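Encoded as structure tokens, the structure appears first; notes follow it.
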Amino acid sequence: MKGWRWLLAPAIAIALAGCADLPARPHAVGASLRFIGEQRLAWRLPFQGTVVGGLSGIDYSPRSGQWIMESDDRSELSPARFYTAALDYDENAFRGVRLTGVHFFRQPDGSRYPGLATVAAAGGEVPDIETIRYDPLDDSIWYGSEGDRKLGFQPFVRHASADGRHLGTLPAPDMFRVWPRREYGVRNNLAFEGLSFAPDGRSLWLAMEGPLYQDGAAPTITAGAHARISRFDRDGALLAQYAYPLNPIPHAPAPGRLADNGLSEILAIDGGHLYAIERSGAQNAGGEFSFHIRLYEMDVTAATDVARLPALQNAGYVAARKRLVLDLDSLRLPKLDNIEGMAWGPPLANGHDTLVFISDDNFSRDEVTQLLLFEVIPSRKP
């Protein structure tokens, strides 16, 4: 880990010295969204020897004009992987999605990630990859895994080449570790869920899906919770950390069934504002989930830096503010699914930004892989 940091530091410094800042989007602060259209991919679509599904992260490269989408398949149906794609749209219509390639994530030793059925014999880690981003400097990629508390696998953020080869692992504080024998650190399935480069390209944001054990209980029907949003430099130094206020679960499940609410993705707008997706699911009596998705604008400019607080529970701090941008239930789509990914797309002819969401179908016949396209309408405020 230390060797990786020192090895890449000169190259990063050279690249940053010659790289103009990425565009911030201050016009998106206070903006609204206009829905343009939806596209879906077929259930368990076969592509280049893999099964498409579980698409929980998406990003776009202005340099290449290419999209990437990662699968959270834990190397069960196909090895852990990400797809390249082309999206066809303009201000009038979302016309299509075409997959163009597939690449497999590689472990530090160069091998593909194993599945649960083979990890005992093959060794390595079983990934649960939930977010992916292009590196704004060179179109390499960064991705995050939630790990698995039950199996003792740690969450991680890793840097990879454009074809998935391992380049490095972002160091993370001990608060984000799995501690199997005590209720401390990350909860199972509530770890690293959102990732976004800051507009300057020199730092990145990392979002927890839910609270750490020491930060209080997960959301319930009657109470919300706080999830930590952290900003790291490219060497892994923790620059700042804020508490994001999660809503209570908005819809109750059927008796004896499950429901949750968590932060499923973030996207930087400017130095102090980010978009945040709150994704809630609730089971009916038959066990089928319905999903309720809200997009918020998060403002950390007046929030307390909680990086030095070992526990948020019973601590004094000011949480990030948030503004509801869109309740996706209001779109009244035939089906609104498990939205887990979000990315800026190329601007429209009128100069307005586009925003694309993608859903993780969990490889279930009851769910769908959908991509939703929006125009970002700037605020009229001066």
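By order in the structure tokens, chains are A, B, ...; within a chain, residues start at 1; ligands start at 1, following the order shown.
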Problem set entry | Residue neighbourhood range 179-191 of chain A, 12 Å, only C-alpha atoms, exclusion window fewer than 4 positions, as an NGL selection string | :A and (127-131 or 144-157 or 172-175 or 195 or 206-219 or 226-229 or 260-265 or 310-311)
Return as a tab-separated table the residues of range 245-303 of chain A lying at most 7 Å from range 317-320 of chain A, together with the closest atom-to-atom pair for each and the distance in Å to one decimal, counting only C-alpha atoms, with rows in chain order and ascending residue number.
```
residue	atom	partner	partner_atom	distance
A:Pro245	CA	A:Ala319	CA	6.6
A:Met298	CA	A:Ala320	CA	6.5
A:Asp299	CA	A:Ala320	CA	5.7
A:Val300	CA	A:Ala320	CA	4.8
A:Ala303	CA	A:Ala320	CA	5.0
```
Taking N, CA and C atoms for each residue, export the selection above as a tab-separated table (two decimals), in the first residue's frame.
```tsv
chain	number	residue	atom	x	y	z
A	245	PRO	N	-27.90	13.46	6.73
A	245	PRO	CA	-29.11	13.01	7.42
A	245	PRO	C	-30.03	12.18	6.51
A	298	MET	N	-27.13	17.94	-1.55
A	298	MET	CA	-26.49	18.02	-0.24
A	298	MET	C	-25.58	19.25	-0.20
A	299	ASP	N	-25.61	19.97	0.92
A	299	ASP	CA	-24.80	21.17	1.11
A	299	ASP	C	-23.98	20.98	2.38
A	300	VAL	N	-22.64	20.91	2.23
A	300	VAL	CA	-21.77	20.68	3.39
A	300	VAL	C	-21.07	21.95	3.84
A	303	ALA	N	-21.65	22.57	7.49
A	303	ALA	CA	-21.69	21.38	8.33
A	303	ALA	C	-20.41	21.22	9.14
```
For this session: Record the distance separating CA of Tyr275 in chain A and CA of His352 in chain A, expressed in Å with one decimal.
Result: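 Between CA of Tyr275 in chain A and CA of His352 in chain A the gap is 16.4 Å.
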For this session: For Gln370 in chain A, work out the shell of residues within 6 Å, counting only C-alpha atoms and skipping chain neighbours fewer than 6 positions away, then give it as a ChimeraX atom specification.
Result: /A:39-40,358-359
Selected residues written out with N, CA and C atoms, as a CSV table (one decimal), in the first residue's frame:
```csv
chain,number,residue,atom,x,y,z
A,39,GLN,N,-34.7,3.8,-20.9
A,39,GLN,CA,-34.3,2.6,-21.6
A,39,GLN,C,-34.2,1.5,-20.7
A,40,ARG,N,-34.4,0.3,-21.1
A,40,ARG,CA,-34.2,-0.9,-20.3
A,40,ARG,C,-33.3,-1.9,-21.1
A,358,ILE,N,-29.2,4.6,-13.1
A,358,ILE,CA,-29.3,3.2,-13.5
A,358,ILE,C,-29.7,2.4,-12.3
A,359,SER,N,-30.5,1.3,-12.6
A,359,SER,CA,-31.0,0.5,-11.5
A,359,SER,C,-30.3,-0.9,-11.5
```
For this session: Have a look at A:Ile68, A:Ala307, A:Leu324, A:Ala225 and name the one nearest to Gly345 in chain A; count only C-alpha atoms.
Result: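 The closest residue to Gly345 in chain A is A:Ile68.
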Problem set entry | strand (DSSP E or B) positions in range 196-309 of chain A, given as a PyMOL selection string | chain A and resi 196-197+203-208+225-233+238-246+259-268+273-283+289-299
Would you save the residues from that selection as a PDB file, in the first residue's frame, using C-alpha atoms?
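What ended up in out.pdb:
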```
ATOM      1  CA  SER A 196     -17.441  10.810  -6.825  1.00  0.00           C
ATOM      2  CA  PHE A 197     -14.431  12.862  -7.815  1.00  0.00           C
ATOM      3  CA  SER A 203      -9.828  14.587  -4.253  1.00  0.00           C
ATOM      4  CA  LEU A 204     -12.743  12.176  -4.130  1.00  0.00           C
ATOM      5  CA  TRP A 205     -15.865  11.766  -2.051  1.00  0.00           C
ATOM      6  CA  LEU A 206     -16.874   8.440  -0.510  1.00  0.00           C
ATOM      7  CA  ALA A 207     -20.342   7.759   0.912  1.00  0.00           C
ATOM      8  CA  MET A 208     -21.529   5.141   3.359  1.00  0.00           C
ATOM      9  CA  ALA A 225     -30.058   8.185  10.733  1.00  0.00           C
ATOM     10  CA  HIS A 226     -26.735   9.775   9.814  1.00  0.00           C
ATOM     11  CA  ALA A 227     -24.301   8.347   7.269  1.00  0.00           C
ATOM     12  CA  ARG A 228     -20.727   9.606   6.949  1.00  0.00           C
ATOM     13  CA  ILE A 229     -19.632  11.343   3.744  1.00  0.00           C
ATOM     14  CA  SER A 230     -15.835  11.574   3.508  1.00  0.00           C
ATOM     15  CA  ARG A 231     -13.465  13.505   1.290  1.00  0.00           C
ATOM     16  CA  PHE A 232     -10.038  11.947   0.631  1.00  0.00           C
ATOM     17  CA  ASP A 233      -7.040  13.090  -1.311  1.00  0.00           C
ATOM     18  CA  LEU A 238      -8.896  12.064   5.065  1.00  0.00           C
ATOM     19  CA  LEU A 239      -9.478  15.743   4.276  1.00  0.00           C
ATOM     20  CA  ALA A 240     -12.956  16.183   5.772  1.00  0.00           C
ATOM     21  CA  GLN A 241     -16.009  14.228   6.809  1.00  0.00           C
ATOM     22  CA  TYR A 242     -19.653  15.167   7.251  1.00  0.00           C
ATOM     23  CA  ALA A 243     -22.840  13.605   8.575  1.00  0.00           C
ATOM     24  CA  TYR A 244     -25.565  13.185   5.972  1.00  0.00           C
ATOM     25  CA  PRO A 245     -29.113  13.009   7.418  1.00  0.00           C
ATOM     26  CA  LEU A 246     -30.992  10.004   6.047  1.00  0.00           C
ATOM     27  CA  ALA A 259     -37.781  -2.340   4.484  1.00  0.00           C
ATOM     28  CA  ASP A 260     -34.831   0.044   4.455  1.00  0.00           C
ATOM     29  CA  ASN A 261     -33.592   3.455   3.374  1.00  0.00           C
ATOM     30  CA  GLY A 262     -30.007   4.250   2.453  1.00  0.00           C
ATOM     31  CA  LEU A 263     -27.682   6.416   0.432  1.00  0.00           C
ATOM     32  CA  SER A 264     -27.072   4.636  -2.870  1.00  0.00           C
ATOM     33  CA  GLU A 265     -24.901   7.126  -4.792  1.00  0.00           C
ATOM     34  CA  ILE A 266     -23.398  10.615  -4.684  1.00  0.00           C
ATOM     35  CA  LEU A 267     -22.245  13.006  -7.397  1.00  0.00           C
ATOM     36  CA  ALA A 268     -20.205  16.159  -6.838  1.00  0.00           C
ATOM     37  CA  HIS A 273     -22.571  20.595  -2.953  1.00  0.00           C
ATOM     38  CA  LEU A 274     -23.316  17.055  -4.074  1.00  0.00           C
ATOM     39  CA  TYR A 275     -26.307  15.159  -5.382  1.00  0.00           C
ATOM     40  CA  ALA A 276     -27.348  12.226  -3.176  1.00  0.00           C
ATOM     41  CA  ILE A 277     -29.733   9.391  -4.007  1.00  0.00           C
ATOM     42  CA  GLU A 278     -31.796   8.022  -1.141  1.00  0.00           C
ATOM     43  CA  ARG A 279     -33.093   4.621  -2.162  1.00  0.00           C
ATOM     44  CA  SER A 280     -35.751   2.846  -0.104  1.00  0.00           C
ATOM     45  CA  GLY A 281     -37.188  -0.598  -0.621  1.00  0.00           C
ATOM     46  CA  ALA A 282     -40.152  -2.252   1.095  1.00  0.00           C
ATOM     47  CA  GLN A 283     -41.382  -5.822   0.712  1.00  0.00           C
ATOM     48  CA  PHE A 289     -39.849  -5.129  -3.225  1.00  0.00           C
ATOM     49  CA  SER A 290     -41.246  -1.779  -4.265  1.00  0.00           C
ATOM     50  CA  PHE A 291     -38.708   1.040  -4.490  1.00  0.00           C
ATOM     51  CA  HIS A 292     -38.998   4.710  -3.617  1.00  0.00           C
ATOM     52  CA  ILE A 293     -36.241   7.000  -4.858  1.00  0.00           C
ATOM     53  CA  ARG A 294     -35.485  10.587  -3.926  1.00  0.00           C
ATOM     54  CA  LEU A 295     -32.729  12.817  -5.242  1.00  0.00           C
ATOM     55  CA  TYR A 296     -31.377  15.423  -2.829  1.00  0.00           C
ATOM     56  CA  GLU A 297     -28.901  18.248  -3.178  1.00  0.00           C
ATOM     57  CA  MET A 298     -26.486  18.022  -0.241  1.00  0.00           C
ATOM     58  CA  ASP A 299     -24.803  21.167   1.113  1.00  0.00           C
TER      59      ASP A 299
END
```
Exercise. With only C-alpha atoms as the basis for distance, which of A:Phe374, A:Phe357, A:Tyr60, A:Trp142 is at the shortest distance from Arg34 in chain A?
Worked result: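 With only C-alpha atoms as the atom set, the closest residue is A:Phe374.
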For this session: Mind the document's chain letters and residue numbers, and return as a PyMOL selection string the residues of range 13-257 of chain A that DSSP labels alpha helix (DSSP H).
Result: chain A and resi 13-17+119-122
Could the residues in this selection be saved with C-alpha atoms as a CSV table (one decimal), in the first residue's frame?
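Heads up, here's the output in result-v2.csv:
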```
chain,number,residue,atom,x,y,z
A,13,ALA,CA,1.9,15.3,-9.4
A,14,ILE,CA,3.0,15.7,-13.0
A,15,ALA,CA,-0.5,15.0,-14.3
A,16,LEU,CA,-2.1,17.4,-11.9
A,17,ALA,CA,0.4,20.1,-12.7
A,119,VAL,CA,-12.9,-18.6,-2.5
A,120,ALA,CA,-12.1,-21.3,0.0
A,121,ALA,CA,-10.0,-23.1,-2.6
A,122,ALA,CA,-8.7,-20.2,-4.6
```
For this session: Just the residues within 10 Å of Ile58 in chain A, please, counting only C-alpha atoms, with nothing from its chain fewer than 4 positions along; format it as a PyMOL selection string.
Result: chain A and resi 67-71+82-85+130-134+265+340-344+356-359+371
Would you save the residues from that selection as a PDB file, in the first residue's frame, using N, CA and C atoms?
```
ATOM      1  N   TRP A  67     -19.281   5.386 -21.889  1.00  0.00           N
ATOM      2  CA  TRP A  67     -19.878   5.119 -20.586  1.00  0.00           C
ATOM      3  C   TRP A  67     -19.330   3.809 -20.035  1.00  0.00           C
ATOM      4  N   ILE A  68     -19.292   3.708 -18.688  1.00  0.00           N
ATOM      5  CA  ILE A  68     -19.013   2.441 -18.020  1.00  0.00           C
ATOM      6  C   ILE A  68     -20.128   2.147 -17.027  1.00  0.00           C
ATOM      7  N   MET A  69     -20.407   0.863 -16.846  1.00  0.00           N
ATOM      8  CA  MET A  69     -21.427   0.403 -15.912  1.00  0.00           C
ATOM      9  C   MET A  69     -20.893  -0.852 -15.231  1.00  0.00           C
ATOM     10  N   GLU A  70     -20.857  -0.861 -13.899  1.00  0.00           N
ATOM     11  CA  GLU A  70     -20.341  -2.047 -13.204  1.00  0.00           C
ATOM     12  C   GLU A  70     -21.464  -2.908 -12.661  1.00  0.00           C
ATOM     13  N   SER A  71     -21.185  -4.203 -12.594  1.00  0.00           N
ATOM     14  CA  SER A  71     -22.126  -5.166 -12.024  1.00  0.00           C
ATOM     15  C   SER A  71     -21.703  -5.516 -10.610  1.00  0.00           C
ATOM     16  N   PHE A  82     -17.099  -4.955 -15.386  1.00  0.00           N
ATOM     17  CA  PHE A  82     -17.783  -3.731 -15.777  1.00  0.00           C
ATOM     18  C   PHE A  82     -17.888  -3.695 -17.290  1.00  0.00           C
ATOM     19  N   TYR A  83     -18.912  -2.991 -17.758  1.00  0.00           N
ATOM     20  CA  TYR A  83     -19.212  -2.902 -19.182  1.00  0.00           C
ATOM     21  C   TYR A  83     -18.938  -1.498 -19.698  1.00  0.00           C
ATOM     22  N   THR A  84     -18.537  -1.401 -20.950  1.00  0.00           N
ATOM     23  CA  THR A  84     -18.510  -0.118 -21.639  1.00  0.00           C
ATOM     24  C   THR A  84     -19.760  -0.038 -22.506  1.00  0.00           C
ATOM     25  N   ALA A  85     -20.228   1.192 -22.744  1.00  0.00           N
ATOM     26  CA  ALA A  85     -21.500   1.344 -23.447  1.00  0.00           C
ATOM     27  C   ALA A  85     -21.562   2.681 -24.171  1.00  0.00           C
ATOM     28  N   GLU A 130     -20.136  -1.701  -5.768  1.00  0.00           N
ATOM     29  CA  GLU A 130     -21.360  -0.915  -5.793  1.00  0.00           C
ATOM     30  C   GLU A 130     -21.230   0.435  -6.487  1.00  0.00           C
ATOM     31  N   THR A 131     -20.021   0.856  -6.832  1.00  0.00           N
ATOM     32  CA  THR A 131     -19.861   2.186  -7.413  1.00  0.00           C
ATOM     33  C   THR A 131     -18.604   2.216  -8.260  1.00  0.00           C
ATOM     34  N   ILE A 132     -18.613   3.033  -9.317  1.00  0.00           N
ATOM     35  CA  ILE A 132     -17.478   3.100 -10.225  1.00  0.00           C
ATOM     36  C   ILE A 132     -17.375   4.511 -10.787  1.00  0.00           C
ATOM     37  N   ARG A 133     -16.131   4.988 -10.980  1.00  0.00           N
ATOM     38  CA  ARG A 133     -15.911   6.314 -11.569  1.00  0.00           C
ATOM     39  C   ARG A 133     -14.683   6.291 -12.473  1.00  0.00           C
ATOM     40  N   TYR A 134     -14.771   7.045 -13.566  1.00  0.00           N
ATOM     41  CA  TYR A 134     -13.584   7.330 -14.354  1.00  0.00           C
ATOM     42  C   TYR A 134     -12.679   8.277 -13.574  1.00  0.00           C
ATOM     43  N   GLU A 265     -25.935   6.530  -3.942  1.00  0.00           N
ATOM     44  CA  GLU A 265     -24.901   7.126  -4.792  1.00  0.00           C
ATOM     45  C   GLU A 265     -24.795   8.607  -4.503  1.00  0.00           C
ATOM     46  N   GLU A 340     -29.408   2.733  -8.227  1.00  0.00           N
ATOM     47  CA  GLU A 340     -28.183   2.705  -7.430  1.00  0.00           C
ATOM     48  C   GLU A 340     -27.039   3.478  -8.056  1.00  0.00           C
ATOM     49  N   GLY A 341     -27.149   3.892  -9.320  1.00  0.00           N
ATOM     50  CA  GLY A 341     -26.055   4.599  -9.973  1.00  0.00           C
ATOM     51  C   GLY A 341     -26.522   5.918 -10.554  1.00  0.00           C
ATOM     52  N   MET A 342     -25.579   6.865 -10.694  1.00  0.00           N
ATOM     53  CA  MET A 342     -25.912   8.211 -11.189  1.00  0.00           C
ATOM     54  C   MET A 342     -24.644   8.822 -11.772  1.00  0.00           C
ATOM     55  N   ALA A 343     -24.781   9.518 -12.902  1.00  0.00           N
ATOM     56  CA  ALA A 343     -23.613  10.141 -13.528  1.00  0.00           C
ATOM     57  C   ALA A 343     -24.030  11.342 -14.359  1.00  0.00           C
ATOM     58  N   TRP A 344     -23.105  12.311 -14.467  1.00  0.00           N
ATOM     59  CA  TRP A 344     -23.261  13.391 -15.435  1.00  0.00           C
ATOM     60  C   TRP A 344     -23.045  12.814 -16.827  1.00  0.00           C
ATOM     61  N   VAL A 356     -27.932  10.873 -15.669  1.00  0.00           N
ATOM     62  CA  VAL A 356     -28.416   9.531 -15.992  1.00  0.00           C
ATOM     63  C   VAL A 356     -28.395   8.673 -14.730  1.00  0.00           C
ATOM     64  N   PHE A 357     -29.491   7.964 -14.484  1.00  0.00           N
ATOM     65  CA  PHE A 357     -29.610   7.021 -13.376  1.00  0.00           C
ATOM     66  C   PHE A 357     -29.668   5.602 -13.930  1.00  0.00           C
ATOM     67  N   ILE A 358     -29.192   4.647 -13.129  1.00  0.00           N
ATOM     68  CA  ILE A 358     -29.277   3.241 -13.533  1.00  0.00           C
ATOM     69  C   ILE A 358     -29.714   2.399 -12.342  1.00  0.00           C
ATOM     70  N   SER A 359     -30.465   1.329 -12.618  1.00  0.00           N
ATOM     71  CA  SER A 359     -30.984   0.472 -11.540  1.00  0.00           C
ATOM     72  C   SER A 359     -30.290  -0.882 -11.532  1.00  0.00           C
ATOM     73  N   LEU A 371     -32.484   2.621 -17.289  1.00  0.00           N
ATOM     74  CA  LEU A 371     -31.691   3.835 -17.301  1.00  0.00           C
ATOM     75  C   LEU A 371     -32.650   4.995 -17.520  1.00  0.00           C
TER      76      LEU A 371
END
```
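When only C-alpha atoms are used to compute distances to Ala42 in chain A, the closest of the residues A:Arg98, A:Arg380, A:Arg202, A:Arg323 turns out to be A:Arg98.
Across A:Gly236, A:Gly49, A:Pro136, A:Gly115, the tightest approach to Leu170 in chain A is made by A:Gly236 when counting only C-alpha atoms.
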